[in-house]
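Undergrad: Structure file structure_7.json (JSON, N, CA and C atoms and all ligand atoms) right here:
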[["chain", "number", "residue", "atom", "x", "y", "z"],
["A", 1, "MET", "N", 29.87, 15.23, -3.25],
["A", 1, "MET", "CA", 28.70, 15.67, -4.01],
["A", 1, "MET", "C", 27.59, 14.61, -3.94],
["A", 2, "LEU", "N", 26.41, 15.09, -4.09],
["A", 2, "LEU", "CA", 25.28, 14.19, -4.11],
["A", 2, "LEU", "C", 25.26, 13.42, -5.42],
["A", 3, "THR", "N", 24.82, 12.21, -5.35],
["A", 3, "THR", "CA", 24.59, 11.49, -6.59],
["A", 3, "THR", "C", 23.28, 12.00, -7.16],
["A", 4, "ASN", "N", 22.83, 11.41, -8.17],
["A", 4, "ASN", "CA", 21.62, 11.90, -8.83],
["A", 4, "ASN", "C", 20.45, 10.95, -8.56],
["A", 5, "PRO", "N", 19.81, 11.10, -7.42],
["A", 5, "PRO", "CA", 18.81, 10.10, -7.02],
["A", 5, "PRO", "C", 17.64, 9.99, -7.99],
["A", 6, "GLU", "N", 17.37, 11.04, -8.73],
["A", 6, "GLU", "CA", 16.19, 10.96, -9.60],
["A", 6, "GLU", "C", 16.43, 10.15, -10.87],
["A", 7, "THR", "N", 17.71, 9.80, -11.13],
["A", 7, "THR", "CA", 17.97, 9.04, -12.34],
["A", 7, "THR", "C", 17.83, 7.53, -12.13],
["A", 8, "VAL", "N", 18.13, 7.06, -10.94],
["A", 8, "VAL", "CA", 18.04, 5.62, -10.72],
["A", 8, "VAL", "C", 17.01, 5.29, -9.65],
["A", 9, "TRP", "N", 15.81, 5.04, -10.09],
["A", 9, "TRP", "CA", 14.77, 4.63, -9.15],
["A", 9, "TRP", "C", 14.66, 3.12, -9.19],
["A", 10, "PRO", "N", 14.80, 2.48, -8.03],
["A", 10, "PRO", "CA", 14.61, 1.03, -8.02],
["A", 10, "PRO", "C", 13.20, 0.68, -8.47],
["A", 11, "GLU", "N", 13.05, -0.53, -8.96],
["A", 11, "GLU", "CA", 11.75, -0.96, -9.44],
["A", 11, "GLU", "C", 10.72, -0.90, -8.31],
["A", 12, "GLY", "N", 9.54, -0.42, -8.62],
["A", 12, "GLY", "CA", 8.46, -0.41, -7.65],
["A", 12, "GLY", "C", 8.37, 0.86, -6.82],
["A", 13, "VAL", "N", 9.36, 1.72, -6.93],
["A", 13, "VAL", "CA", 9.31, 2.98, -6.16],
["A", 13, "VAL", "C", 8.35, 3.94, -6.85],
["A", 14, "VAL", "N", 7.32, 4.37, -6.12],
["A", 14, "VAL", "CA", 6.31, 5.24, -6.71],
["A", 14, "VAL", "C", 6.56, 6.71, -6.37],
["A", 15, "ALA", "N", 7.32, 6.96, -5.33],
["A", 15, "ALA", "CA", 7.68, 8.32, -4.98],
["A", 15, "ALA", "C", 8.98, 8.30, -4.20],
["A", 16, "ARG", "N", 9.72, 9.39, -4.29],
["A", 16, "ARG", "CA", 11.03, 9.41, -3.66],
["A", 16, "ARG", "C", 11.31, 10.81, -3.12],
["A", 17, "TYR", "N", 11.83, 10.85, -1.90],
["A", 17, "TYR", "CA", 12.14, 12.14, -1.27],
["A", 17, "TYR", "C", 13.62, 12.18, -0.96],
["A", 18, "LEU", "N", 14.23, 13.31, -1.21],
["A", 18, "LEU", "CA", 15.65, 13.48, -0.93],
["A", 18, "LEU", "C", 15.81, 14.01, 0.49],
["A", 19, "THR", "N", 16.60, 13.32, 1.30],
["A", 19, "THR", "CA", 16.79, 13.77, 2.68],
["A", 19, "THR", "C", 17.88, 14.83, 2.75],
["A", 20, "VAL", "N", 17.95, 15.52, 3.87],
["A", 20, "VAL", "CA", 18.99, 16.53, 4.06],
["A", 20, "VAL", "C", 20.37, 15.88, 4.13],
["A", 21, "GLY", "N", 20.42, 14.58, 4.44],
["A", 21, "GLY", "CA", 21.69, 13.87, 4.51],
["A", 21, "GLY", "C", 22.14, 13.33, 3.17],
["A", 22, "GLY", "N", 21.30, 13.48, 2.14],
["A", 22, "GLY", "CA", 21.68, 13.02, 0.81],
["A", 22, "GLY", "C", 21.20, 11.61, 0.50],
["A", 23, "ALA", "N", 20.44, 11.02, 1.41],
["A", 23, "ALA", "CA", 19.86, 9.70, 1.14],
["A", 23, "ALA", "C", 18.48, 9.93, 0.53],
["A", 24, "THR", "N", 17.75, 8.87, 0.31],
["A", 24, "THR", "CA", 16.39, 9.03, -0.20],
["A", 24, "THR", "C", 15.41, 8.27, 0.69],
["A", 25, "VAL", "N", 14.19, 8.76, 0.68],
["A", 25, "VAL", "CA", 13.10, 8.06, 1.33],
["A", 25, "VAL", "C", 12.21, 7.56, 0.20],
["A", 26, "ASP", "N", 12.11, 6.25, 0.08],
["A", 26, "ASP", "CA", 11.39, 5.65, -1.04],
["A", 26, "ASP", "C", 10.02, 5.14, -0.63],
["A", 27, "ILE", "N", 9.05, 5.40, -1.48],
["A", 27, "ILE", "CA", 7.70, 4.91, -1.23],
["A", 27, "ILE", "C", 7.39, 3.80, -2.24],
["A", 28, "THR", "N", 6.98, 2.67, -1.71],
["A", 28, "THR", "CA", 6.63, 1.54, -2.57],
["A", 28, "THR", "C", 5.27, 0.98, -2.17],
["A", 29, "HIS", "N", 4.67, 0.25, -3.07],
["A", 29, "HIS", "CA", 3.42, -0.45, -2.76],
["A", 29, "HIS", "C", 3.72, -1.92, -2.60],
["A", 30, "GLY", "N", 3.06, -2.54, -1.66],
["A", 30, "GLY", "CA", 3.35, -3.95, -1.44],
["A", 30, "GLY", "C", 2.12, -4.76, -1.13],
["A", 31, "ASN", "N", 2.23, -6.03, -1.40],
["A", 31, "ASN", "CA", 1.18, -6.98, -1.04],
["A", 31, "ASN", "C", 1.82, -8.08, -0.21],
["A", 32, "ARG", "N", 1.12, -8.49, 0.79],
["A", 32, "ARG", "CA", 1.64, -9.59, 1.58],
["A", 32, "ARG", "C", 0.46, -10.38, 2.09],
["A", 33, "THR", "N", 0.55, -11.66, 2.00],
["A", 33, "THR", "CA", -0.56, -12.48, 2.45],
["A", 33, "THR", "C", -0.22, -13.14, 3.78],
["A", 34, "TYR", "N", -1.04, -12.90, 4.76],
["A", 34, "TYR", "CA", -0.88, -13.52, 6.07],
["A", 34, "TYR", "C", -1.70, -14.79, 6.12],
["A", 35, "PRO", "N", -1.16, -15.83, 6.72],
["A", 35, "PRO", "CA", -1.99, -17.03, 6.89],
["A", 35, "PRO", "C", -3.07, -16.78, 7.94],
["A", 36, "THR", "N", -4.25, -17.25, 7.69],
["A", 36, "THR", "CA", -5.33, -17.16, 8.67],
["A", 36, "THR", "C", -5.80, -18.56, 9.02],
["A", 37, "SER", "N", -6.57, -18.68, 10.08],
["A", 37, "SER", "CA", -6.96, -20.01, 10.56],
["A", 37, "SER", "C", -7.81, -20.78, 9.55],
["A", 38, "ASP", "N", -8.55, -20.06, 8.69],
["A", 38, "ASP", "CA", -9.37, -20.76, 7.70],
["A", 38, "ASP", "C", -8.57, -21.18, 6.47],
["A", 39, "GLY", "N", -7.27, -20.84, 6.46],
["A", 39, "GLY", "CA", -6.42, -21.27, 5.37],
["A", 39, "GLY", "C", -6.45, -20.40, 4.14],
["A", 40, "ILE", "N", -7.36, -19.42, 4.13],
["A", 40, "ILE", "CA", -7.48, -18.57, 2.96],
["A", 40, "ILE", "C", -6.37, -17.51, 2.95],
["A", 41, "GLY", "N", -6.12, -16.96, 4.10],
["A", 41, "GLY", "CA", -5.09, -15.95, 4.19],
["A", 41, "GLY", "C", -5.64, -14.56, 3.99],
["A", 42, "GLU", "N", -5.09, -13.62, 4.70],
["A", 42, "GLU", "CA", -5.54, -12.25, 4.57],
["A", 42, "GLU", "C", -4.54, -11.48, 3.73],
["A", 43, "ASN", "N", -5.01, -10.91, 2.68],
["A", 43, "ASN", "CA", -4.13, -10.13, 1.81],
["A", 43, "ASN", "C", -4.10, -8.69, 2.29],
["A", 44, "ARG", "N", -2.92, -8.26, 2.69],
["A", 44, "ARG", "CA", -2.78, -6.90, 3.20],
["A", 44, "ARG", "C", -2.05, -6.06, 2.16],
["A", 45, "ASN", "N", -2.73, -5.10, 1.67],
["A", 45, "ASN", "CA", -2.08, -4.17, 0.74],
["A", 45, "ASN", "C", -1.61, -2.98, 1.55],
["A", 46, "HIS", "N", -0.44, -2.52, 1.23],
["A", 46, "HIS", "CA", 0.07, -1.40, 2.01],
["A", 46, "HIS", "C", 1.06, -0.56, 1.19],
["A", 47, "THR", "N", 1.26, 0.63, 1.69],
["A", 47, "THR", "CA", 2.27, 1.52, 1.14],
["A", 47, "THR", "C", 3.41, 1.56, 2.14],
["A", 48, "THR", "N", 4.60, 1.30, 1.68],
["A", 48, "THR", "CA", 5.76, 1.25, 2.57],
["A", 48, "THR", "C", 6.69, 2.42, 2.29],
["A", 49, "VAL", "N", 7.18, 3.02, 3.35],
["A", 49, "VAL", "CA", 8.15, 4.10, 3.23],
["A", 49, "VAL", "C", 9.44, 3.63, 3.87],
["A", 50, "THR", "N", 10.53, 3.69, 3.13],
["A", 50, "THR", "CA", 11.81, 3.25, 3.65],
["A", 50, "THR", "C", 12.88, 4.31, 3.41],
["A", 51, "CYS", "N", 13.63, 4.62, 4.46],
["A", 51, "CYS", "CA", 14.74, 5.56, 4.32],
["A", 51, "CYS", "C", 15.99, 4.76, 3.98],
["A", 52, "THR", "N", 16.68, 5.16, 2.92],
["A", 52, "THR", "CA", 17.89, 4.43, 2.53],
["A", 52, "THR", "C", 19.10, 4.89, 3.34],
["A", 53, "GLY", "N", 18.92, 5.96, 4.13],
["A", 53, "GLY", "CA", 20.03, 6.46, 4.93],
["A", 53, "GLY", "C", 20.12, 5.76, 6.27],
["A", 54, "CYS", "N", 19.02, 5.78, 7.02],
["A", 54, "CYS", "CA", 19.06, 5.23, 8.38],
["A", 54, "CYS", "C", 18.22, 3.97, 8.50],
["A", 55, "SER", "N", 17.62, 3.54, 7.42],
["A", 55, "SER", "CA", 16.77, 2.35, 7.34],
["A", 55, "SER", "C", 15.53, 2.41, 8.22],
["A", 56, "ALA", "N", 15.10, 3.62, 8.57],
["A", 56, "ALA", "CA", 13.81, 3.76, 9.23],
["A", 56, "ALA", "C", 12.74, 3.39, 8.21],
["A", 57, "ALA", "N", 11.68, 2.76, 8.68],
["A", 57, "ALA", "CA", 10.63, 2.36, 7.75],
["A", 57, "ALA", "C", 9.28, 2.41, 8.43],
["A", 58, "GLU", "N", 8.26, 2.62, 7.63],
["A", 58, "GLU", "CA", 6.91, 2.67, 8.17],
["A", 58, "GLU", "C", 5.97, 2.10, 7.13],
["A", 59, "GLU", "N", 4.91, 1.46, 7.61],
["A", 59, "GLU", "CA", 3.98, 0.84, 6.69],
["A", 59, "GLU", "C", 2.59, 1.43, 6.88],
["A", 60, "PHE", "N", 1.92, 1.73, 5.80],
["A", 60, "PHE", "CA", 0.58, 2.30, 5.88],
["A", 60, "PHE", "C", -0.38, 1.38, 5.14],
["A", 61, "SER", "N", -1.29, 0.81, 5.89],
["A", 61, "SER", "CA", -2.23, -0.14, 5.31],
["A", 61, "SER", "C", -3.21, 0.58, 4.38],
["A", 62, "HIS", "N", -3.57, -0.12, 3.31],
["A", 62, "HIS", "CA", -4.57, 0.44, 2.39],
["A", 62, "HIS", "C", -5.98, 0.25, 2.91],
["A", 63, "TRP", "N", -6.09, -0.50, 4.00],
["A", 63, "TRP", "CA", -7.42, -0.83, 4.51],
["A", 63, "TRP", "C", -7.78, 0.01, 5.70],
["A", 64, "ARG", "N", -8.96, 0.60, 5.66],
["A", 64, "ARG", "CA", -9.44, 1.43, 6.76],
["A", 64, "ARG", "C", -10.72, 0.81, 7.31],
["A", 65, "VAL", "N", -10.85, 0.92, 8.61],
["A", 65, "VAL", "CA", -12.09, 0.47, 9.22],
["A", 65, "VAL", "C", -13.08, 1.63, 9.22],
["A", 66, "VAL", "N", -14.23, 1.38, 8.62],
["A", 66, "VAL", "CA", -15.26, 2.41, 8.56],
["A", 66, "VAL", "C", -16.42, 1.98, 9.44],
["A", 67, "LYS", "N", -16.81, 2.86, 10.36],
["A", 67, "LYS", "CA", -17.92, 2.53, 11.27],
["A", 67, "LYS", "C", -19.25, 2.71, 10.53],
["A", 68, "ARG", "N", -20.02, 1.63, 10.48],
["A", 68, "ARG", "CA", -21.38, 1.70, 9.95],
["A", 68, "ARG", "C", -22.34, 1.69, 11.12],
["A", 69, "MET", "N", -23.63, 1.69, 10.82],
["A", 69, "MET", "CA", -24.62, 1.72, 11.89],
["A", 69, "MET", "C", -24.45, 0.56, 12.87],
["A", 70, "THR", "N", -24.36, -0.65, 12.33],
["A", 70, "THR", "CA", -24.35, -1.80, 13.23],
["A", 70, "THR", "C", -23.09, -2.65, 13.13],
["A", 71, "PHE", "N", -22.20, -2.29, 12.23],
["A", 71, "PHE", "CA", -20.98, -3.10, 12.09],
["A", 71, "PHE", "C", -19.83, -2.24, 11.59],
["A", 72, "ASP", "N", -18.64, -2.79, 11.68],
["A", 72, "ASP", "CA", -17.48, -2.11, 11.14],
["A", 72, "ASP", "C", -17.16, -2.69, 9.77],
["A", 73, "ASP", "N", -16.93, -1.84, 8.84],
["A", 73, "ASP", "CA", -16.64, -2.26, 7.48],
["A", 73, "ASP", "C", -15.17, -1.98, 7.19],
["A", 74, "LYS", "N", -14.61, -2.77, 6.31],
["A", 74, "LYS", "CA", -13.22, -2.51, 5.91],
["A", 74, "LYS", "C", -13.23, -2.07, 4.46],
["A", 75, "VAL", "N", -12.70, -0.90, 4.21],
["A", 75, "VAL", "CA", -12.65, -0.42, 2.83],
["A", 75, "VAL", "C", -11.20, -0.17, 2.44],
["A", 76, "ARG", "N", -10.93, -0.39, 1.18],
["A", 76, "ARG", "CA", -9.57, -0.15, 0.71],
["A", 76, "ARG", "C", -9.46, 1.30, 0.23],
["A", 77, "ASP", "N", -8.49, 2.01, 0.79],
["A", 77, "ASP", "CA", -8.28, 3.40, 0.40],
["A", 77, "ASP", "C", -6.79, 3.63, 0.18],
["A", 78, "THR", "N", -6.36, 3.29, -1.02],
["A", 78, "THR", "CA", -4.94, 3.40, -1.34],
["A", 78, "THR", "C", -4.46, 4.85, -1.27],
["A", 79, "GLU", "N", -5.32, 5.75, -1.72],
["A", 79, "GLU", "CA", -4.91, 7.16, -1.74],
["A", 79, "GLU", "C", -4.67, 7.72, -0.35],
["A", 80, "ALA", "N", -5.50, 7.33, 0.59],
["A", 80, "ALA", "CA", -5.32, 7.80, 1.97],
["A", 80, "ALA", "C", -4.01, 7.27, 2.54],
["A", 81, "ALA", "N", -3.69, 6.02, 2.23],
["A", 81, "ALA", "CA", -2.44, 5.43, 2.70],
["A", 81, "ALA", "C", -1.25, 6.14, 2.07],
["A", 82, "ASP", "N", -1.36, 6.43, 0.77],
["A", 82, "ASP", "CA", -0.29, 7.13, 0.08],
["A", 82, "ASP", "C", -0.08, 8.53, 0.66],
["A", 83, "ARG", "N", -1.20, 9.16, 0.99],
["A", 83, "ARG", "CA", -1.13, 10.51, 1.55],
["A", 83, "ARG", "C", -0.37, 10.48, 2.88],
["A", 84, "ASP", "N", -0.71, 9.55, 3.73],
["A", 84, "ASP", "CA", -0.03, 9.41, 5.02],
["A", 84, "ASP", "C", 1.44, 9.07, 4.81],
["A", 85, "ALA", "N", 1.70, 8.22, 3.82],
["A", 85, "ALA", "CA", 3.07, 7.80, 3.54],
["A", 85, "ALA", "C", 3.91, 8.98, 3.07],
["A", 86, "ARG", "N", 3.32, 9.79, 2.21],
["A", 86, "ARG", "CA", 4.05, 10.96, 1.70],
["A", 86, "ARG", "C", 4.34, 11.95, 2.81],
["A", 87, "GLU", "N", 3.38, 12.11, 3.71],
["A", 87, "GLU", "CA", 3.57, 13.00, 4.84],
["A", 87, "GLU", "C", 4.74, 12.53, 5.70],
["A", 88, "TRP", "N", 4.75, 11.22, 5.97],
["A", 88, "TRP", "CA", 5.81, 10.62, 6.78],
["A", 88, "TRP", "C", 7.15, 10.82, 6.09],
["A", 89, "ALA", "N", 7.18, 10.57, 4.78],
["A", 89, "ALA", "CA", 8.41, 10.66, 4.00],
["A", 89, "ALA", "C", 8.95, 12.09, 4.00],
["A", 90, "GLN", "N", 8.04, 13.02, 3.79],
["A", 90, "GLN", "CA", 8.42, 14.44, 3.76],
["A", 90, "GLN", "C", 9.03, 14.86, 5.10],
["A", 91, "GLU", "N", 8.35, 14.49, 6.16],
["A", 91, "GLU", "CA", 8.79, 14.84, 7.50],
["A", 91, "GLU", "C", 10.14, 14.21, 7.82],
["A", 92, "HIS", "N", 10.30, 12.94, 7.44],
["A", 92, "HIS", "CA", 11.54, 12.24, 7.72],
["A", 92, "HIS", "C", 12.69, 12.82, 6.90],
["A", 93, "ALA", "N", 12.41, 13.12, 5.64],
["A", 93, "ALA", "CA", 13.45, 13.65, 4.75],
["A", 93, "ALA", "C", 13.98, 14.99, 5.24],
["A", 94, "GLU", "N", 13.11, 15.74, 5.91],
["A", 94, "GLU", "CA", 13.51, 17.06, 6.38],
["A", 94, "GLU", "C", 14.50, 17.00, 7.54],
["A", 95, "LYS", "N", 14.52, 15.91, 8.29],
["A", 95, "LYS", "CA", 15.40, 15.89, 9.45],
["A", 95, "LYS", "C", 16.42, 14.76, 9.47],
["A", 96, "CYS", "N", 16.31, 13.79, 8.57],
["A", 96, "CYS", "CA", 17.25, 12.67, 8.60],
["A", 96, "CYS", "C", 18.61, 13.08, 8.02],
["A", 97, "ARG", "N", 19.62, 12.94, 8.82],
["A", 97, "ARG", "CA", 20.95, 13.32, 8.36],
["A", 97, "ARG", "C", 21.85, 12.11, 8.13],
["A", 98, "ALA", "N", 21.27, 10.94, 8.16],
["A", 98, "ALA", "CA", 22.06, 9.74, 7.89],
["A", 98, "ALA", "C", 22.44, 9.73, 6.42],
["A", 99, "MET", "N", 23.68, 9.39, 6.15],
["A", 99, "MET", "CA", 24.14, 9.36, 4.77],
["A", 99, "MET", "C", 23.98, 7.98, 4.19],
["A", 100, "PRO", "N", 23.65, 7.92, 2.91],
["A", 100, "PRO", "CA", 23.53, 6.60, 2.27],
["A", 100, "PRO", "C", 24.89, 5.92, 2.23],
["A", 101, "ARG", "N", 24.90, 4.63, 2.43],
["A", 101, "ARG", "CA", 26.15, 3.88, 2.37],
["A", 101, "ARG", "C", 26.52, 3.66, 0.92],
["A", 102, "ARG", "N", 27.74, 3.98, 0.60],
["A", 102, "ARG", "CA", 28.21, 3.79, -0.77],
["A", 102, "ARG", "C", 29.06, 2.53, -0.86],
["A", 103, "GLU", "N", 28.92, 1.81, -1.93],
["A", 103, "GLU", "CA", 29.77, 0.64, -2.14],
["A", 103, "GLU", "C", 31.18, 1.14, -2.44],
["A", 104, "VAL", "N", 32.16, 0.42, -1.92],
["A", 104, "VAL", "CA", 33.55, 0.85, -2.06],
["A", 104, "VAL", "C", 34.01, 0.82, -3.51],
["A", 105, "ASN", "N", 33.73, -0.26, -4.20],
["A", 105, "ASN", "CA", 34.24, -0.39, -5.58],
["A", 105, "ASN", "C", 33.22, 0.04, -6.62],
["A", 106, "GLN", "N", 32.84, 1.31, -6.57],
["A", 106, "GLN", "CA", 31.90, 1.77, -7.59],
["A", 106, "GLN", "C", 32.55, 2.82, -8.46],
["B", 201, "ZN", "ZN", 16.43, 8.32, 7.69]]
Would it be possible to restate this file's structure as structure tokens?
TA:
Amino acid sequence: MLTNPETVWPEGVVARYLTVGGATVDITHGNRTYPTSDGIGENRNHTTVTCTGCSAAEEFSHWRVVKRMTFDDKVRDTEAADRDAREWAQEHAEKCRAMPRREVNQ
């Protein structure tokens, strides 16, 4: 039988999809700072989708490049990233048949 994935959401999971294999695809938000040559570092915000069955994962940046007249601008669009992430999660959940690994002594 399936466990009850909707009762135990790990911290930080903002959305969760149940796969056909009984695992879940979890959507989380993350921040990570990359070192840059000027020492300030680039903060990359992103939405991450991780399958708990087969450990497939995908990252969707919150930052989009917007073409202006004479330059490219970077704008933060969390909703667009979430939308793409949900699409990926939905699609993956529909076909992933990997089963979640269960701990032996539970
Ligand atoms: Zn999977």
Undergrad: Residues within 6 Å of Cys54 in chain A, please, as a PyMOL selection string. Count all atoms listed in the file; anything in the same chain fewer than 3 positions from it doesn't count.
TA: chain A and resi 51+98-99
Undergrad: Can I get the residues close to ligand ZN 201 (chain B) as a PyMOL selection string, where close means within 7 Å and we count only N, CA and C atoms and all ligand atoms?
TA: chain A and resi 50-56+92-93+95-98
Undergrad: Between A:Val49, A:Ala15, A:Val8, A:Ala81, which residue has the minimum interatomic distance to Trp63 in chain A, considering only N, CA and C atoms?
TA: A:Ala81
Undergrad: Could you give me, as a JSON list (two decimals) with N, CA and C atoms, in the frame of the given file, the residues within 8 Å of Tyr34 in chain A, counting only C-alpha atoms and dropping anything in the same chain fewer than 2 positions from it?
TA:
[["chain", "number", "residue", "atom", "x", "y", "z"],
["A", 32, "ARG", "N", 1.12, -8.49, 0.79],
["A", 32, "ARG", "CA", 1.64, -9.59, 1.58],
["A", 32, "ARG", "C", 0.46, -10.38, 2.09],
["A", 36, "THR", "N", -4.25, -17.25, 7.69],
["A", 36, "THR", "CA", -5.33, -17.16, 8.67],
["A", 36, "THR", "C", -5.80, -18.56, 9.02],
["A", 41, "GLY", "N", -6.12, -16.96, 4.10],
["A", 41, "GLY", "CA", -5.09, -15.95, 4.19],
["A", 41, "GLY", "C", -5.64, -14.56, 3.99],
["A", 42, "GLU", "N", -5.09, -13.62, 4.70],
["A", 42, "GLU", "CA", -5.54, -12.25, 4.57],
["A", 42, "GLU", "C", -4.54, -11.48, 3.73],
["A", 43, "ASN", "N", -5.01, -10.91, 2.68],
["A", 43, "ASN", "CA", -4.13, -10.13, 1.81],
["A", 43, "ASN", "C", -4.10, -8.69, 2.29],
["A", 44, "ARG", "N", -2.92, -8.26, 2.69],
["A", 44, "ARG", "CA", -2.78, -6.90, 3.20],
["A", 44, "ARG", "C", -2.05, -6.06, 2.16]]
Undergrad: Between CA of Gly30 in chain A and CA of Lys74 in chain A, what is the distance in Å, rounded to a tenth?
TA: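 CA of Gly30 in chain A sits 18.2 Å away from CA of Lys74 in chain A.
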Undergrad: Between CA of Asp26 in chain A and CA of Thr47 in chain A, what is the distance, to one decimal in Å?
TA: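 Interatomic distance, CA of Asp26 in chain A to CA of Thr47 in chain A: 10.2 Å.
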Undergrad: Identify the residues around (18.5, 7.9, -4.6) within a radius of 12 Å, measuring from only C-alpha atoms in the coordinates stated by the file, and give them as a ChimeraX atom specification.
TA: /A:2-10,13,15-19,21-27,50-53,99-102
Undergrad: Based on the backbone DSSP call, show me all residues of range 7-104 of chain A assigned alpha helix (DSSP H), as a list of chain:residue names.
TA: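 DSSP-assigned alpha helix (DSSP H) residues in range 7-104 of chain A: A:Thr78, A:Glu79, A:Ala80, A:Ala81, A:Asp82, A:Arg83, A:Asp84, A:Ala85, A:Arg86, A:Glu87, A:Trp88, A:Ala89, A:Gln90, A:Glu91, A:His92, A:Ala93, A:Glu94, A:Lys95.
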Undergrad: Those same residues - N, CA and C atoms - I'd like them written as a PDB file, in the frame of the given file.
TA:
ATOM      1  N   THR A  78      -6.360   3.290  -1.020  1.00  0.00           N
ATOM      2  CA  THR A  78      -4.940   3.400  -1.340  1.00  0.00           C
ATOM      3  C   THR A  78      -4.460   4.850  -1.270  1.00  0.00           C
ATOM      4  N   GLU A  79      -5.320   5.750  -1.720  1.00  0.00           N
ATOM      5  CA  GLU A  79      -4.910   7.160  -1.740  1.00  0.00           C
ATOM      6  C   GLU A  79      -4.670   7.720  -0.350  1.00  0.00           C
ATOM      7  N   ALA A  80      -5.500   7.330   0.590  1.00  0.00           N
ATOM      8  CA  ALA A  80      -5.320   7.800   1.970  1.00  0.00           C
ATOM      9  C   ALA A  80      -4.010   7.270   2.540  1.00  0.00           C
ATOM     10  N   ALA A  81      -3.690   6.020   2.230  1.00  0.00           N
ATOM     11  CA  ALA A  81      -2.440   5.430   2.700  1.00  0.00           C
ATOM     12  C   ALA A  81      -1.250   6.140   2.070  1.00  0.00           C
ATOM     13  N   ASP A  82      -1.360   6.430   0.770  1.00  0.00           N
ATOM     14  CA  ASP A  82      -0.290   7.130   0.080  1.00  0.00           C
ATOM     15  C   ASP A  82      -0.080   8.530   0.660  1.00  0.00           C
ATOM     16  N   ARG A  83      -1.200   9.160   0.990  1.00  0.00           N
ATOM     17  CA  ARG A  83      -1.130  10.510   1.550  1.00  0.00           C
ATOM     18  C   ARG A  83      -0.370  10.480   2.880  1.00  0.00           C
ATOM     19  N   ASP A  84      -0.710   9.550   3.730  1.00  0.00           N
ATOM     20  CA  ASP A  84      -0.030   9.410   5.020  1.00  0.00           C
ATOM     21  C   ASP A  84       1.440   9.070   4.810  1.00  0.00           C
ATOM     22  N   ALA A  85       1.700   8.220   3.820  1.00  0.00           N
ATOM     23  CA  ALA A  85       3.070   7.800   3.540  1.00  0.00           C
ATOM     24  C   ALA A  85       3.910   8.980   3.070  1.00  0.00           C
ATOM     25  N   ARG A  86       3.320   9.790   2.210  1.00  0.00           N
ATOM     26  CA  ARG A  86       4.050  10.960   1.700  1.00  0.00           C
ATOM     27  C   ARG A  86       4.340  11.950   2.810  1.00  0.00           C
ATOM     28  N   GLU A  87       3.380  12.110   3.710  1.00  0.00           N
ATOM     29  CA  GLU A  87       3.570  13.000   4.840  1.00  0.00           C
ATOM     30  C   GLU A  87       4.740  12.530   5.700  1.00  0.00           C
ATOM     31  N   TRP A  88       4.750  11.220   5.970  1.00  0.00           N
ATOM     32  CA  TRP A  88       5.810  10.620   6.780  1.00  0.00           C
ATOM     33  C   TRP A  88       7.150  10.820   6.090  1.00  0.00           C
ATOM     34  N   ALA A  89       7.180  10.570   4.780  1.00  0.00           N
ATOM     35  CA  ALA A  89       8.410  10.660   4.000  1.00  0.00           C
ATOM     36  C   ALA A  89       8.950  12.090   4.000  1.00  0.00           C
ATOM     37  N   GLN A  90       8.040  13.020   3.790  1.00  0.00           N
ATOM     38  CA  GLN A  90       8.420  14.440   3.760  1.00  0.00           C
ATOM     39  C   GLN A  90       9.030  14.860   5.100  1.00  0.00           C
ATOM     40  N   GLU A  91       8.350  14.490   6.160  1.00  0.00           N
ATOM     41  CA  GLU A  91       8.790  14.840   7.500  1.00  0.00           C
ATOM     42  C   GLU A  91      10.140  14.210   7.820  1.00  0.00           C
ATOM     43  N   HIS A  92      10.300  12.940   7.440  1.00  0.00           N
ATOM     44  CA  HIS A  92      11.540  12.240   7.720  1.00  0.00           C
ATOM     45  C   HIS A  92      12.690  12.820   6.900  1.00  0.00           C
ATOM     46  N   ALA A  93      12.410  13.120   5.640  1.00  0.00           N
ATOM     47  CA  ALA A  93      13.450  13.650   4.750  1.00  0.00           C
ATOM     48  C   ALA A  93      13.980  14.990   5.240  1.00  0.00           C
ATOM     49  N   GLU A  94      13.110  15.740   5.910  1.00  0.00           N
ATOM     50  CA  GLU A  94      13.510  17.060   6.380  1.00  0.00           C
ATOM     51  C   GLU A  94      14.500  17.000   7.540  1.00  0.00           C
ATOM     52  N   LYS A  95      14.520  15.910   8.290  1.00  0.00           N
ATOM     53  CA  LYS A  95      15.400  15.890   9.450  1.00  0.00           C
ATOM     54  C   LYS A  95      16.420  14.760   9.470  1.00  0.00           C
TER      55      LYS A  95
END
Undergrad: Please indicate the distance in Å from atom N of Glu91 in chain A to atom C of Asp73 in chain A, rounded to one decimal place.
TA: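 Rounded to one decimal, the two atoms are 28.7 Å apart.
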Undergrad: For Ser61 in chain A, work out the shell of residues within 8 Å, counting all atoms listed in the file and skipping chain neighbours fewer than 6 positions away, then give it as a CSV table (one decimal) with N, CA and C atoms, keeping the file's coordinate frame.
TA:
chain,number,residue,atom,x,y,z
A,44,ARG,N,-2.9,-8.3,2.7
A,44,ARG,CA,-2.8,-6.9,3.2
A,44,ARG,C,-2.0,-6.1,2.2
A,45,ASN,N,-2.7,-5.1,1.7
A,45,ASN,CA,-2.1,-4.2,0.7
A,45,ASN,C,-1.6,-3.0,1.6
A,46,HIS,N,-0.4,-2.5,1.2
A,46,HIS,CA,0.1,-1.4,2.0
A,46,HIS,C,1.1,-0.6,1.2
A,47,THR,N,1.3,0.6,1.7
A,47,THR,CA,2.3,1.5,1.1
A,47,THR,C,3.4,1.6,2.1
A,48,THR,N,4.6,1.3,1.7
A,48,THR,CA,5.8,1.2,2.6
A,48,THR,C,6.7,2.4,2.3
A,76,ARG,N,-10.9,-0.4,1.2
A,76,ARG,CA,-9.6,-0.2,0.7
A,76,ARG,C,-9.5,1.3,0.2
A,77,ASP,N,-8.5,2.0,0.8
A,77,ASP,CA,-8.3,3.4,0.4
A,77,ASP,C,-6.8,3.6,0.2
A,78,THR,N,-6.4,3.3,-1.0
A,78,THR,CA,-4.9,3.4,-1.3
A,78,THR,C,-4.5,4.8,-1.3
A,80,ALA,N,-5.5,7.3,0.6
A,80,ALA,CA,-5.3,7.8,2.0
A,80,ALA,C,-4.0,7.3,2.5
A,81,ALA,N,-3.7,6.0,2.2
A,81,ALA,CA,-2.4,5.4,2.7
A,81,ALA,C,-1.2,6.1,2.1
A,82,ASP,N,-1.4,6.4,0.8
A,82,ASP,CA,-0.3,7.1,0.1
A,82,ASP,C,-0.1,8.5,0.7
